[in-house]
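Structure file start_39.txt (compact mmCIF, C-alpha atoms) is printed below.
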```txt
# COMPACT_ATOMS: atom_id res chain seq x y z
CA MET V 1 241.53 229.94 60.13
CA LEU V 2 243.54 229.59 63.30
CA ARG V 3 247.30 229.36 63.06
CA MET V 4 249.35 228.78 66.20
CA CYS V 5 252.84 229.79 65.19
CA ARG V 6 256.40 229.91 66.46
CA LEU V 7 257.33 229.92 69.93
CA SER V 8 260.25 232.93 69.03
CA SER V 9 271.78 237.07 53.14
CA LYS V 10 274.41 240.28 46.33
CA PHE V 11 277.37 240.10 44.41
CA VAL V 12 280.07 242.55 45.50
CA GLY V 13 283.14 242.94 43.38
CA SER V 14 286.59 243.84 44.63
CA PHE V 15 287.51 247.26 43.31
CA LYS V 16 290.48 247.89 45.64
CA LEU V 17 290.36 250.46 48.46
CA SER V 18 288.67 253.03 46.28
CA PHE V 19 285.58 250.82 45.96
CA SER V 20 282.37 252.78 46.38
CA ARG V 21 278.73 251.87 46.02
CA ALA V 22 275.54 253.82 45.62
CA TYR V 23 272.52 252.22 47.25
CA ALA V 24 269.02 252.75 45.98
CA SER V 25 266.94 255.02 48.16
CA VAL V 26 264.33 253.30 50.28
CA ALA V 27 260.71 254.37 50.02
CA ALA V 28 259.49 253.66 53.53
CA SER V 29 255.85 253.02 54.30
CA PRO V 30 254.33 255.84 56.38
CA VAL V 31 254.33 254.97 60.09
CA THR V 32 252.01 256.74 62.54
CA VAL V 33 252.36 256.43 66.32
CA THR V 34 249.74 257.67 68.79
CA LYS V 35 249.14 257.15 72.49
CA SER V 36 245.43 256.27 72.84
CA LYS V 37 243.16 257.49 75.61
CA THR V 38 243.45 254.04 77.15
CA GLY V 39 247.21 254.44 77.58
CA ILE V 40 247.93 251.84 74.90
CA THR V 41 250.29 252.95 72.13
CA VAL V 42 248.87 252.47 68.63
CA VAL V 43 251.14 252.12 65.60
CA SER V 44 249.94 251.87 62.02
CA VAL V 45 251.88 251.25 58.81
CA GLU V 46 250.22 252.18 55.53
CA ASP V 47 251.35 249.65 52.94
CA SER V 48 248.45 250.22 50.53
CA ALA V 49 248.05 246.45 50.40
CA PRO V 50 244.70 244.71 49.78
CA ALA V 51 245.09 242.70 52.99
CA SER V 52 245.39 244.16 56.47
CA SER V 53 246.67 242.96 59.82
CA ILE V 54 246.50 243.95 63.47
CA SER V 55 248.57 242.62 66.33
CA LEU V 56 248.63 242.98 70.07
CA VAL V 57 252.28 242.96 71.09
CA VAL V 58 252.37 242.16 74.79
CA LYS V 59 255.41 242.23 77.05
CA ALA V 60 254.67 238.67 78.13
CA GLY V 61 257.49 236.55 76.75
CA SER V 62 259.18 233.72 78.58
CA ARG V 63 261.57 236.11 80.35
CA GLU V 64 258.60 237.46 82.34
CA GLU V 65 258.17 234.10 84.09
CA GLY V 66 259.31 233.57 87.65
CA THR V 67 260.69 230.47 89.32
CA ASP V 68 257.18 229.66 90.55
CA ASN V 69 255.53 229.70 87.11
CA VAL V 70 258.18 228.81 84.52
CA GLY V 71 256.41 227.80 81.32
CA VAL V 72 253.27 229.87 81.94
CA ALA V 73 253.89 232.13 78.91
CA HIS V 74 253.66 229.06 76.67
CA PHE V 75 250.32 228.15 78.27
CA LEU V 76 249.05 231.73 77.87
CA LYS V 77 249.92 231.66 74.17
CA ASN V 78 247.95 228.47 73.69
CA PHE V 79 244.94 229.86 75.54
CA ALA V 80 244.61 232.55 72.85
CA PHE V 81 241.42 232.26 70.77
CA LYS V 82 239.85 229.75 73.16
CA ASN V 83 236.42 230.15 74.77
CA THR V 84 235.46 233.66 75.82
CA SER V 85 232.32 234.95 77.49
CA THR V 86 231.02 236.10 74.08
CA ARG V 87 232.25 233.39 71.70
CA THR V 88 233.24 229.75 71.81
CA ALA V 89 236.54 228.80 70.22
CA PHE V 90 234.60 227.05 67.45
CA ARG V 91 232.57 230.17 66.68
CA THR V 92 235.71 232.31 66.54
CA VAL V 93 237.33 229.97 64.02
CA ARG V 94 234.14 229.62 61.96
CA GLU V 95 233.52 233.38 61.72
CA THR V 96 237.17 234.04 60.93
CA GLU V 97 237.13 231.55 58.08
CA LEU V 98 233.89 233.00 56.71
CA LEU V 99 235.71 236.34 56.48
CA GLY V 100 238.80 234.74 54.94
CA GLY V 101 240.99 235.74 57.88
CA PHE V 102 243.83 234.13 59.84
CA LEU V 103 244.53 234.22 63.56
CA SER V 104 247.87 233.42 65.15
CA ALA V 105 249.71 233.55 68.45
CA ASN V 106 253.51 233.79 68.56
CA LEU V 107 255.78 233.66 71.59
CA THR V 108 259.26 235.14 71.79
CA ARG V 109 261.57 235.53 74.77
CA GLU V 110 260.24 239.02 75.43
CA ASN V 111 256.81 239.26 73.80
CA LEU V 112 253.57 237.48 73.14
CA ILE V 113 252.17 238.53 69.75
CA LEU V 114 248.46 237.95 69.04
CA SER V 115 247.64 238.65 65.39
CA ALA V 116 244.82 238.75 62.88
CA GLU V 117 245.19 239.03 59.10
CA PHE V 118 242.16 239.90 57.01
CA LEU V 119 240.75 241.76 54.03
CA ARG V 120 240.34 245.51 54.29
CA GLY V 121 236.98 246.44 55.77
CA ASP V 122 236.95 243.82 58.53
CA LEU V 123 239.04 245.75 61.05
CA GLY V 124 236.21 246.16 63.56
CA TYR V 125 235.48 242.45 63.83
CA PHE V 126 239.08 241.40 64.34
CA MET V 127 239.79 244.17 66.84
CA GLU V 128 236.88 242.79 68.85
CA ILE V 129 238.33 239.27 68.63
CA LEU V 130 241.70 240.45 69.97
CA SER V 131 240.17 242.57 72.73
CA ASP V 132 238.11 239.56 73.85
CA ILE V 133 241.36 237.66 74.47
CA ILE V 134 242.42 240.34 76.96
CA PHE V 135 239.10 240.86 78.74
CA LYS V 136 236.88 237.84 78.16
CA THR V 137 238.95 234.66 77.93
CA LYS V 138 237.29 232.24 80.34
CA TYR V 139 240.33 230.09 81.17
CA ASP V 140 237.95 227.19 81.73
CA HIS V 141 239.34 224.41 83.89
CA HIS V 142 237.99 221.80 81.48
CA GLU V 143 240.08 223.36 78.69
CA PHE V 144 243.35 223.06 80.60
CA PRO V 145 244.04 219.37 79.74
CA SER V 146 243.78 220.09 76.00
CA ILE V 147 245.94 223.19 76.39
CA LYS V 148 248.54 221.14 78.24
CA GLU V 149 248.40 218.52 75.50
CA SER V 150 249.10 221.15 72.84
CA VAL V 151 251.93 222.57 74.96
CA ASN V 152 253.49 219.12 75.29
CA PHE V 153 253.11 218.49 71.56
CA GLU V 154 254.85 221.75 70.66
CA ARG V 155 257.66 221.05 73.12
CA GLY V 156 258.13 217.58 71.61
CA ALA V 157 258.12 218.96 68.06
CA ALA V 158 260.73 221.57 69.03
CA ALA V 159 262.88 218.94 70.75
CA ALA V 160 263.06 217.07 67.43
CA ILE V 161 264.76 220.08 65.80
CA PRO V 162 268.43 220.19 66.89
CA GLU V 163 268.83 223.85 65.93
CA VAL V 164 266.01 224.82 68.30
CA THR V 165 267.31 222.59 71.09
CA THR V 166 270.86 223.93 70.92
CA LEU V 167 269.84 227.59 70.72
CA ASN V 168 267.41 227.15 73.60
CA ALA V 169 270.15 225.48 75.63
CA ALA V 170 272.61 228.23 74.72
CA HIS V 171 270.26 230.86 76.17
CA ALA V 172 269.81 228.80 79.34
CA VAL V 173 273.57 228.46 79.81
CA ALA V 174 274.26 232.09 78.92
CA PHE V 175 271.57 233.78 81.05
CA ARG V 176 270.20 231.05 83.34
CA HIS V 177 266.97 232.91 84.18
CA GLY V 178 264.97 235.58 82.37
CA LEU V 179 266.25 235.40 78.81
CA GLY V 180 267.47 231.93 79.75
CA ASN V 181 263.92 230.68 80.33
CA SER V 182 262.82 228.20 77.70
CA LEU V 183 260.18 229.15 75.15
CA PHE V 184 258.57 225.79 75.88
CA ALA V 185 256.98 224.65 79.13
CA GLY V 186 258.85 221.59 80.38
CA ASP V 187 257.76 218.53 82.29
CA SER V 188 258.79 220.20 85.55
CA THR V 189 256.59 223.27 85.07
CA LYS V 190 254.62 224.29 88.15
CA VAL V 191 251.69 225.49 86.03
CA SER V 192 249.06 223.00 87.11
CA ASN V 193 245.70 224.59 86.26
CA SER V 194 244.06 227.43 84.35
CA SER V 195 244.05 229.65 87.45
CA ASP V 196 247.83 229.88 87.19
CA VAL V 197 247.50 231.07 83.60
CA ARG V 198 244.77 233.57 84.51
CA ALA V 199 246.97 235.03 87.26
CA PHE V 200 249.80 235.56 84.78
CA ALA V 201 247.39 237.10 82.26
CA ASN V 202 246.12 239.57 84.85
CA LYS V 203 249.71 240.57 85.57
CA VAL V 204 250.84 241.16 81.98
CA TYR V 205 247.66 242.41 80.27
CA THR V 206 248.05 246.06 81.31
CA ALA V 207 248.12 249.28 79.29
CA SER V 208 251.85 249.88 79.69
CA ASN V 209 252.58 246.31 78.61
CA ILE V 210 250.55 246.34 75.39
CA MET V 211 250.86 248.05 72.07
CA ILE V 212 248.75 247.62 68.95
CA VAL V 213 250.31 247.46 65.49
CA GLY V 214 248.21 247.66 62.34
CA THR V 215 249.31 247.38 58.72
CA SER V 216 247.23 248.66 55.80
CA VAL V 217 244.56 250.02 58.16
CA ASN V 218 243.13 253.48 58.73
CA HIS V 219 245.00 254.90 61.70
CA ASN V 220 242.11 257.00 63.00
CA GLU V 221 239.74 254.04 62.84
CA LEU V 222 242.28 251.84 64.63
CA LEU V 223 242.72 254.50 67.34
CA LYS V 224 238.97 254.91 67.78
CA LEU V 225 238.45 251.15 68.12
CA THR V 226 241.27 250.96 70.67
CA ASP V 227 239.66 253.70 72.79
CA SER V 228 236.31 251.90 72.64
CA LEU V 229 237.28 248.25 73.05
CA PHE V 230 240.16 248.68 75.52
CA GLN V 231 238.69 251.36 77.77
CA ASN V 232 238.67 248.97 80.75
CA ILE V 233 242.30 247.93 80.43
CA SER V 234 244.22 247.74 83.70
CA HIS V 235 246.70 250.53 84.37
CA THR V 236 248.66 248.59 86.95
CA VAL V 237 252.37 248.98 86.32
CA PRO V 238 254.06 245.55 86.36
CA SER V 239 257.24 245.12 88.33
CA THR V 240 260.42 245.71 86.34
CA PRO V 241 262.02 242.40 85.30
CA ILE V 242 265.44 241.60 86.72
CA PRO V 243 268.12 242.93 84.34
CA SER V 244 269.76 240.26 82.23
CA LYS V 245 273.09 238.94 83.47
CA TYR V 246 275.43 236.93 81.29
CA PHE V 247 277.18 233.90 82.79
CA GLY V 248 278.41 231.65 79.97
CA GLY V 249 279.46 228.03 80.38
CA GLU V 250 279.08 224.58 78.81
CA CYS V 251 276.21 222.21 78.10
CA ARG V 252 276.65 218.75 76.56
CA ILE V 253 273.75 216.59 75.38
CA SER V 254 274.34 213.07 74.10
CA THR V 255 272.05 212.07 71.21
CA PRO V 256 272.25 209.78 68.15
CA GLY V 257 272.52 211.13 64.63
CA ASP V 258 274.31 214.22 63.37
CA SER V 259 276.21 216.38 65.82
CA HIS V 260 275.60 220.07 66.52
CA PHE V 261 277.74 222.67 68.21
CA VAL V 262 276.89 226.22 69.25
CA LEU V 263 279.62 228.64 70.23
CA ALA V 264 278.23 231.90 71.53
CA PHE V 265 279.28 235.08 73.32
CA LEU V 266 277.61 238.00 75.04
CA GLY V 267 276.11 240.18 72.33
CA ALA V 268 274.41 243.58 72.50
CA PRO V 269 270.87 244.94 72.99
CA VAL V 270 268.91 245.35 69.78
CA ASP V 271 268.75 248.81 68.15
CA THR V 272 272.14 249.85 69.49
CA PRO V 273 275.26 250.72 67.47
CA GLU V 274 277.08 247.70 68.92
CA TYR V 275 274.26 245.39 67.82
CA ALA V 276 274.49 246.80 64.28
CA ALA V 277 278.27 246.31 64.30
CA LEU V 278 277.76 242.71 65.38
CA GLN V 279 275.40 242.27 62.43
CA VAL V 280 278.28 243.20 60.13
CA LEU V 281 280.58 240.80 62.00
CA ARG V 282 277.91 238.10 61.69
CA PHE V 283 277.97 238.29 57.91
CA LEU V 284 281.74 238.64 57.85
CA ILE V 285 282.15 235.18 59.40
CA ASP V 286 278.91 233.53 58.25
CA GLY V 287 279.39 230.09 56.70
CA GLU V 288 276.30 230.09 54.50
CA LYS V 289 276.59 230.58 50.74
CA SER V 290 274.85 233.45 48.94
CA THR V 291 274.42 231.38 45.78
CA LYS V 292 273.31 227.80 45.22
CA TRP V 293 276.46 226.84 43.33
CA GLY V 294 280.04 227.53 44.35
CA GLU V 295 281.99 227.33 47.56
CA GLY V 296 281.29 230.78 48.96
CA VAL V 297 283.86 233.48 49.54
CA ASN V 298 284.92 233.54 53.18
CA ALA V 299 286.91 230.85 54.98
CA LEU V 300 283.96 229.33 56.84
CA ALA V 301 281.82 228.99 53.71
CA GLN V 302 284.73 227.36 51.89
CA LYS V 303 285.37 225.05 54.84
CA ALA V 304 281.72 223.95 54.87
CA SER V 305 281.85 223.24 51.13
CA LYS V 306 285.02 221.15 51.44
CA LEU V 307 283.59 219.11 54.32
CA ASN V 308 280.38 218.47 52.31
CA ASP V 309 278.43 217.20 55.33
CA THR V 310 278.83 220.36 57.40
CA LYS V 311 276.65 223.46 57.71
CA ILE V 312 277.86 226.63 59.41
CA SER V 313 275.61 229.59 60.18
CA SER V 314 275.90 232.65 62.40
CA PHE V 315 273.30 234.37 64.58
CA ASN V 316 272.97 237.66 66.42
CA ALA V 317 270.01 237.58 68.81
CA GLY V 318 269.30 241.02 70.24
CA TYR V 319 266.96 241.76 73.15
CA SER V 320 266.01 244.86 75.13
CA ASP V 321 268.97 244.72 77.52
CA ALA V 322 271.33 242.01 76.23
CA GLY V 323 272.16 239.83 73.26
CA LEU V 324 273.70 236.53 72.22
CA PHE V 325 276.08 236.33 69.27
CA GLY V 326 277.48 233.10 67.88
CA LEU V 327 277.78 230.28 65.39
CA HIS V 328 275.88 227.04 64.87
CA ILE V 329 277.74 224.15 63.24
CA SER V 330 276.23 220.78 62.26
CA GLY V 331 277.50 217.60 60.62
CA THR V 332 279.57 214.62 61.68
CA ALA V 333 281.33 215.12 64.99
CA THR V 334 284.84 215.18 63.51
CA SER V 335 283.81 217.68 60.82
CA VAL V 336 282.08 219.88 63.41
CA TYR V 337 285.25 219.89 65.53
CA SER V 338 287.34 220.90 62.51
CA ALA V 339 284.90 223.62 61.48
CA ALA V 340 284.75 224.98 65.04
CA ARG V 341 288.52 225.49 65.04
CA VAL V 342 288.29 227.41 61.75
CA ALA V 343 285.42 229.49 63.18
CA VAL V 344 287.54 230.57 66.14
CA GLU V 345 290.41 231.40 63.80
CA GLN V 346 288.07 233.59 61.74
CA LEU V 347 286.86 235.42 64.83
CA LYS V 348 290.44 236.09 65.86
CA HIS V 349 291.22 237.22 62.30
CA ALA V 350 288.27 239.62 62.45
CA ALA V 351 289.57 241.07 65.70
CA ASN V 352 292.98 241.81 64.17
CA LYS V 353 292.70 242.36 60.43
CA ILE V 354 289.73 242.80 58.10
CA SER V 355 290.40 243.58 54.46
CA ASN V 356 288.44 246.31 52.70
CA ASP V 357 286.91 243.67 50.42
CA GLU V 358 285.72 241.62 53.41
CA PHE V 359 284.33 244.72 55.09
CA VAL V 360 282.39 245.92 52.04
CA ARG V 361 280.92 242.46 51.45
CA ALA V 362 279.79 242.01 55.07
CA LEU V 363 278.40 245.54 55.19
CA ALA V 364 276.30 244.96 52.07
CA LYS V 365 274.88 241.73 53.48
CA ALA V 366 274.06 243.41 56.79
CA ARG V 367 272.25 246.21 54.96
CA PHE V 368 270.30 243.72 52.86
CA ASN V 369 269.32 241.75 55.96
CA ALA V 370 268.10 244.94 57.66
CA ALA V 371 266.07 245.95 54.61
CA ALA V 372 264.56 242.48 54.23
CA SER V 373 263.45 242.49 57.87
CA TYR V 374 261.01 245.31 57.06
CA GLU V 375 259.36 243.45 54.18
CA THR V 376 256.62 241.37 55.80
CA ARG V 377 253.74 242.29 58.06
CA ALA V 378 254.91 239.84 60.71
CA SER V 379 258.47 241.16 60.81
CA LYS V 380 257.39 244.82 60.90
CA THR V 381 254.97 244.03 63.71
CA GLU V 382 257.73 242.46 65.80
CA ILE V 383 260.23 245.23 65.02
CA PHE V 384 257.89 248.12 65.84
CA GLY V 385 256.43 246.28 68.81
CA ASN V 386 259.85 245.79 70.38
CA GLN V 387 260.90 249.35 69.65
CA VAL V 388 257.87 251.02 71.20
CA LEU V 389 257.56 248.70 74.22
CA PHE V 390 261.21 248.95 75.20
CA SER V 391 262.39 252.33 73.89
CA GLY V 392 259.19 254.28 73.33
CA LYS V 393 260.00 255.21 69.71
CA VAL V 394 259.93 253.78 66.19
CA SER V 395 263.02 253.62 63.99
CA THR V 396 262.37 253.75 60.27
CA LEU V 397 264.07 251.56 57.70
CA ALA V 398 266.08 254.56 56.51
CA GLU V 399 267.38 255.08 60.04
CA ALA V 400 268.20 251.38 60.37
CA LEU V 401 270.25 251.48 57.16
CA ALA V 402 271.93 254.80 57.94
CA GLN V 403 273.70 253.39 61.00
CA PHE V 404 275.77 251.11 58.75
CA ASP V 405 277.12 254.11 56.85
CA ARG V 406 278.96 255.27 59.97
CA PHE V 407 281.01 252.10 60.43
CA LYS V 408 284.68 251.74 59.70
CA VAL V 409 286.77 248.58 59.60
CA GLU V 410 288.10 249.37 63.07
CA ASP V 411 284.57 249.33 64.55
CA ILE V 412 284.02 245.73 63.47
CA GLN V 413 287.46 244.69 64.66
CA ASN V 414 286.72 246.23 68.06
CA VAL V 415 283.43 244.35 68.61
CA ALA V 416 285.12 241.09 67.55
CA ALA V 417 287.92 241.68 70.04
CA LYS V 418 285.40 242.57 72.75
CA ILE V 419 283.35 239.38 72.49
CA LEU V 420 286.47 237.22 72.43
CA LYS V 421 287.51 238.70 75.79
CA GLY V 422 284.32 237.38 77.41
CA LYS V 423 283.47 233.92 78.65
CA PRO V 424 282.06 231.76 75.85
CA THR V 425 278.87 229.73 75.88
CA ALA V 426 279.17 226.30 74.28
CA VAL V 427 276.47 223.71 73.60
CA ALA V 428 277.40 220.30 72.18
CA LEU V 429 274.64 217.95 71.01
CA GLY V 430 275.31 214.51 69.51
CA ASP V 431 278.60 212.63 69.81
CA ILE V 432 279.81 214.52 72.87
CA SER V 433 282.88 212.27 73.22
CA THR V 434 284.22 213.82 69.99
CA LEU V 435 282.67 217.31 69.94
CA PRO V 436 284.91 220.06 71.31
CA PHE V 437 284.85 221.90 74.61
CA SER V 438 285.22 225.65 74.30
CA ASP V 439 288.60 225.57 76.07
CA SER V 440 289.94 223.14 73.46
CA LEU V 441 289.43 225.73 70.71
CA SER V 442 292.25 228.06 71.82
CA LEU V 443 289.88 230.83 72.88
```
If you took the structure in this file and wrote it as structure tokens, what would it be?
Amino acid sequence: MLRMCRLSSKFVGSFKLSFSRAYASVAASPVTVTKSKTGITVVSVEDSAPASSISLVVKAGSREEGTDNVGVAHFLKNFAFKNTSTRTAFRTVRETELLGGFLSANLTRENLILSAEFLRGDLGYFMEILSDIIFKTKYDHHEFPSIKESVNFERGAAAAIPEVTTLNAAHAVAFRHGLGNSLFAGDSTKVSNSSDVRAFANKVYTASNIMIVGTSVNHNELLKLTDSLFQNISHTVPSTPIPSKYFGGECRISTPGDSHFVLAFLGAPVDTPEYAALQVLRFLIDGEKSTKWGEGVNALAQKASKLNDTKISSFNAGYSDAGLFGLHISGTATSVYSAARVAVEQLKHAANKISNDEFVRALAKARFNAAASYETRASKTEIFGNQVLFSGKVSTLAEALAQFDRFKVEDIQNVAAKILKGKPTAVALGDISTLPFSDSLSL
């Protein structure tokens, strides 16, 4: 079966300052990392699960696009699993279903992830399917109209989701180019035929740009198949992308229906101490409830409960060289405005005074979030893929959790104060005559 997917928070009591907590030890799945003869790094995670998966994680996200081919990464994603010189798209789907497998292509701002999930024993077949994407995709001109149709459909579906629209706009305002490039090819894209997509594929499908992640597979077998099937991979070193630069600013989009407001700030690169500290800050100010019933504990959660029609959530998007930290608020325009003012007050509070109870609660939620991110095959693939492609090493779950043990209240206060000193990014969608500007929030 072919699946085309995604374009890319425990009870803590207050036991005064002497509060202490013992966390259960984490039994991490064994991770093996090897550089293959082809130059491609191979990572395997032994989960002892009955189902396996393999993924090609390619440094081919939307940030790799230039001004002359904006949107091409979206087209490349949708060309995955199409006609190759050895199989038609129909044959690929039919054989995959006969083996009970699933194929998917996911696009993030930094990576294109091509994946196969299957029963143990079918590794060879699905490695061949993924290698064919790299070497044998035909990029037929007659396929381009249907690819463009699917691209337009996905863009339209995303545009109907306000949370996607506002976050996409926030990246565009914050970074303009690179990380600011949309995950979705727009009407103004200059990608006009399959040759444009092939040219981009030839640029990004190189040994240094690709890593292979397998879960519940034999590492030696995976390594051997990589050496055999990818022996002709290009060793051209792609040009280094322009470093991300944060700008900030405002974007206002008038639409009917509920209103949405994103207030964001320059964050930190993923897998850095500052990023981890921002994760704690994220859960310190998050407006989502941890239980179905009740009003929540912090001020934003209580504010959302009192307004009834309002939802408040935080985000901390980390990338290889930058990040975007902020809040998303939705509801009626007047309620959103009110909630936004409380959100700014909470950020200022975090920069000046955090109680021990608040700190312990946020720290526990950040640890839980980190642990949960290692649970699924898809999340582990993305985590390890990013780590190896951009830092050359893998961080275990134990290492990810250990960094939280080093934090003190002052560390969280410092990152809160730091982001508040920067220029904000604000996106208002809905009743823009009522929704706030960032400078009206006393920042």
Who sits within 9 Å of Leu347 (chain V), only C-alpha atoms, same chain under 2 positions skipped, as a compact mmCIF listing (two decimals) with C-alpha atoms, in the coordinates of the input:
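After the write, out_19.txt holds the following:
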```txt
# COMPACT_ATOMS: atom_id res chain seq x y z
CA LEU V 281 280.58 240.80 62.00
CA ILE V 285 282.15 235.18 59.40
CA VAL V 342 288.29 227.41 61.75
CA ALA V 343 285.42 229.49 63.18
CA VAL V 344 287.54 230.57 66.14
CA GLU V 345 290.41 231.40 63.80
CA HIS V 349 291.22 237.22 62.30
CA ALA V 350 288.27 239.62 62.45
CA ALA V 351 289.57 241.07 65.70
CA ASN V 352 292.98 241.81 64.17
CA ALA V 416 285.12 241.09 67.55
CA ALA V 417 287.92 241.68 70.04
CA LEU V 420 286.47 237.22 72.43
```
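Interatomic distance, CA of Phe135 (chain V) against CA of Ser216 (chain V): 25.6 Å.
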Quiz prompt | Protein/DNA/RNA residues near (234.4, 237.1, 58.4), cut 12 Å, all atoms listed in the file, as a PyMOL selection string | solution = chain V and resi 1+91-103+116-126+129
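Among V:Lys224, V:Arg109, V:Arg155, V:Arg252, the residue with the shortest atom-to-atom distance to Ala169 (chain V), counting only C-alpha atoms, is V:Arg252.
Each of V:Ser433, V:Ser320, V:Ser440, V:Asn356 was checked against Ala340 (chain V) using all atoms listed in the file; the smallest atom-to-atom distance is that of V:Ser440.
The coordinates place CA of Gly248 (chain V) at 8.4 Å from CA of Ala264 (chain V).
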Practice problem: Have a look at CA of Ser234 (chain V) and CA of Thr206 (chain V) and let me know their distance in Å, one decimal. | Solution: 4.8 Å
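Each of V:Arg282, V:His74, V:Lys136, V:Arg361 was compared to Leu327 (chain V) using only C-alpha atoms, and V:Arg282 turns out to be the nearest.
When all atoms listed in the file are used to measure the gap to Asp47 (chain V), the shortest distance among V:Asp439, V:Asp258, V:Glu149, V:Glu375 belongs to V:Glu375.
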With a distance cut-off of 8 Å and only C-alpha atoms, select the neighbouring residues of Tyr205 (chain V), excluding the residue or stretch itself and same-chain residues fewer than 6 positions from it, and output the selection as a CSV table (one decimal) with C-alpha atoms, in the frame of the given file.
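For reference, out11.csv as written:
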```csv
chain,number,residue,atom,x,y,z
V,58,VAL,CA,252.4,242.2,74.8
V,134,ILE,CA,242.4,240.3,77.0
V,233,ILE,CA,242.3,247.9,80.4
V,234,SER,CA,244.2,247.7,83.7
```
Exercise. Skip region 331-334 of chain V itself and residues of its chain fewer than 5 positions away, then list as a PyMOL selection string all residues within 9 Å of it, counting all atoms listed in the file.
Key: chain V and resi 257-261+307-311+339+430-436
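Among the candidates V:Asp286, V:Glu410, V:Glu382, V:Asp271, the one nearest to Ile329 (chain V) when counting all atoms listed in the file is V:Asp286.
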Exercise. Determine the nearest neighbour of Ser330 (chain V) from the options V:Thr166, V:Ser62, V:Ser53, V:Ser442, counting all atoms listed in the file.
Key: V:Thr166
Practice problem: Do a neighbour search on Val164 (chain V) at 12 Å with only C-alpha atoms, toss out local chain neighbours closer than 6 positions, and write the hits as a ChimeraX atom specification. | Solution: /V:6-8,154-158,170-171,182-184,260-262,328,427,429
Report, as AutoDock Vina command-line options, the centre and edge lengths in Å (one decimal) of the axis-aligned box enclosing every listed atom of region 245-250 of chain V, padded by 6 Å on each side.
```
--center_x 276.3 --center_y 231.8 --center_z 81.1 --size_x 18.4 --size_y 26.4 --size_z 16.7
```
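Excluding Val409 (chain V) and any residue on its chain fewer than 6 positions from it, the residues at most 9 Å away by only C-alpha atoms are Lys353, Ile354, Ser355, Asn356 and Phe359 of chain V.
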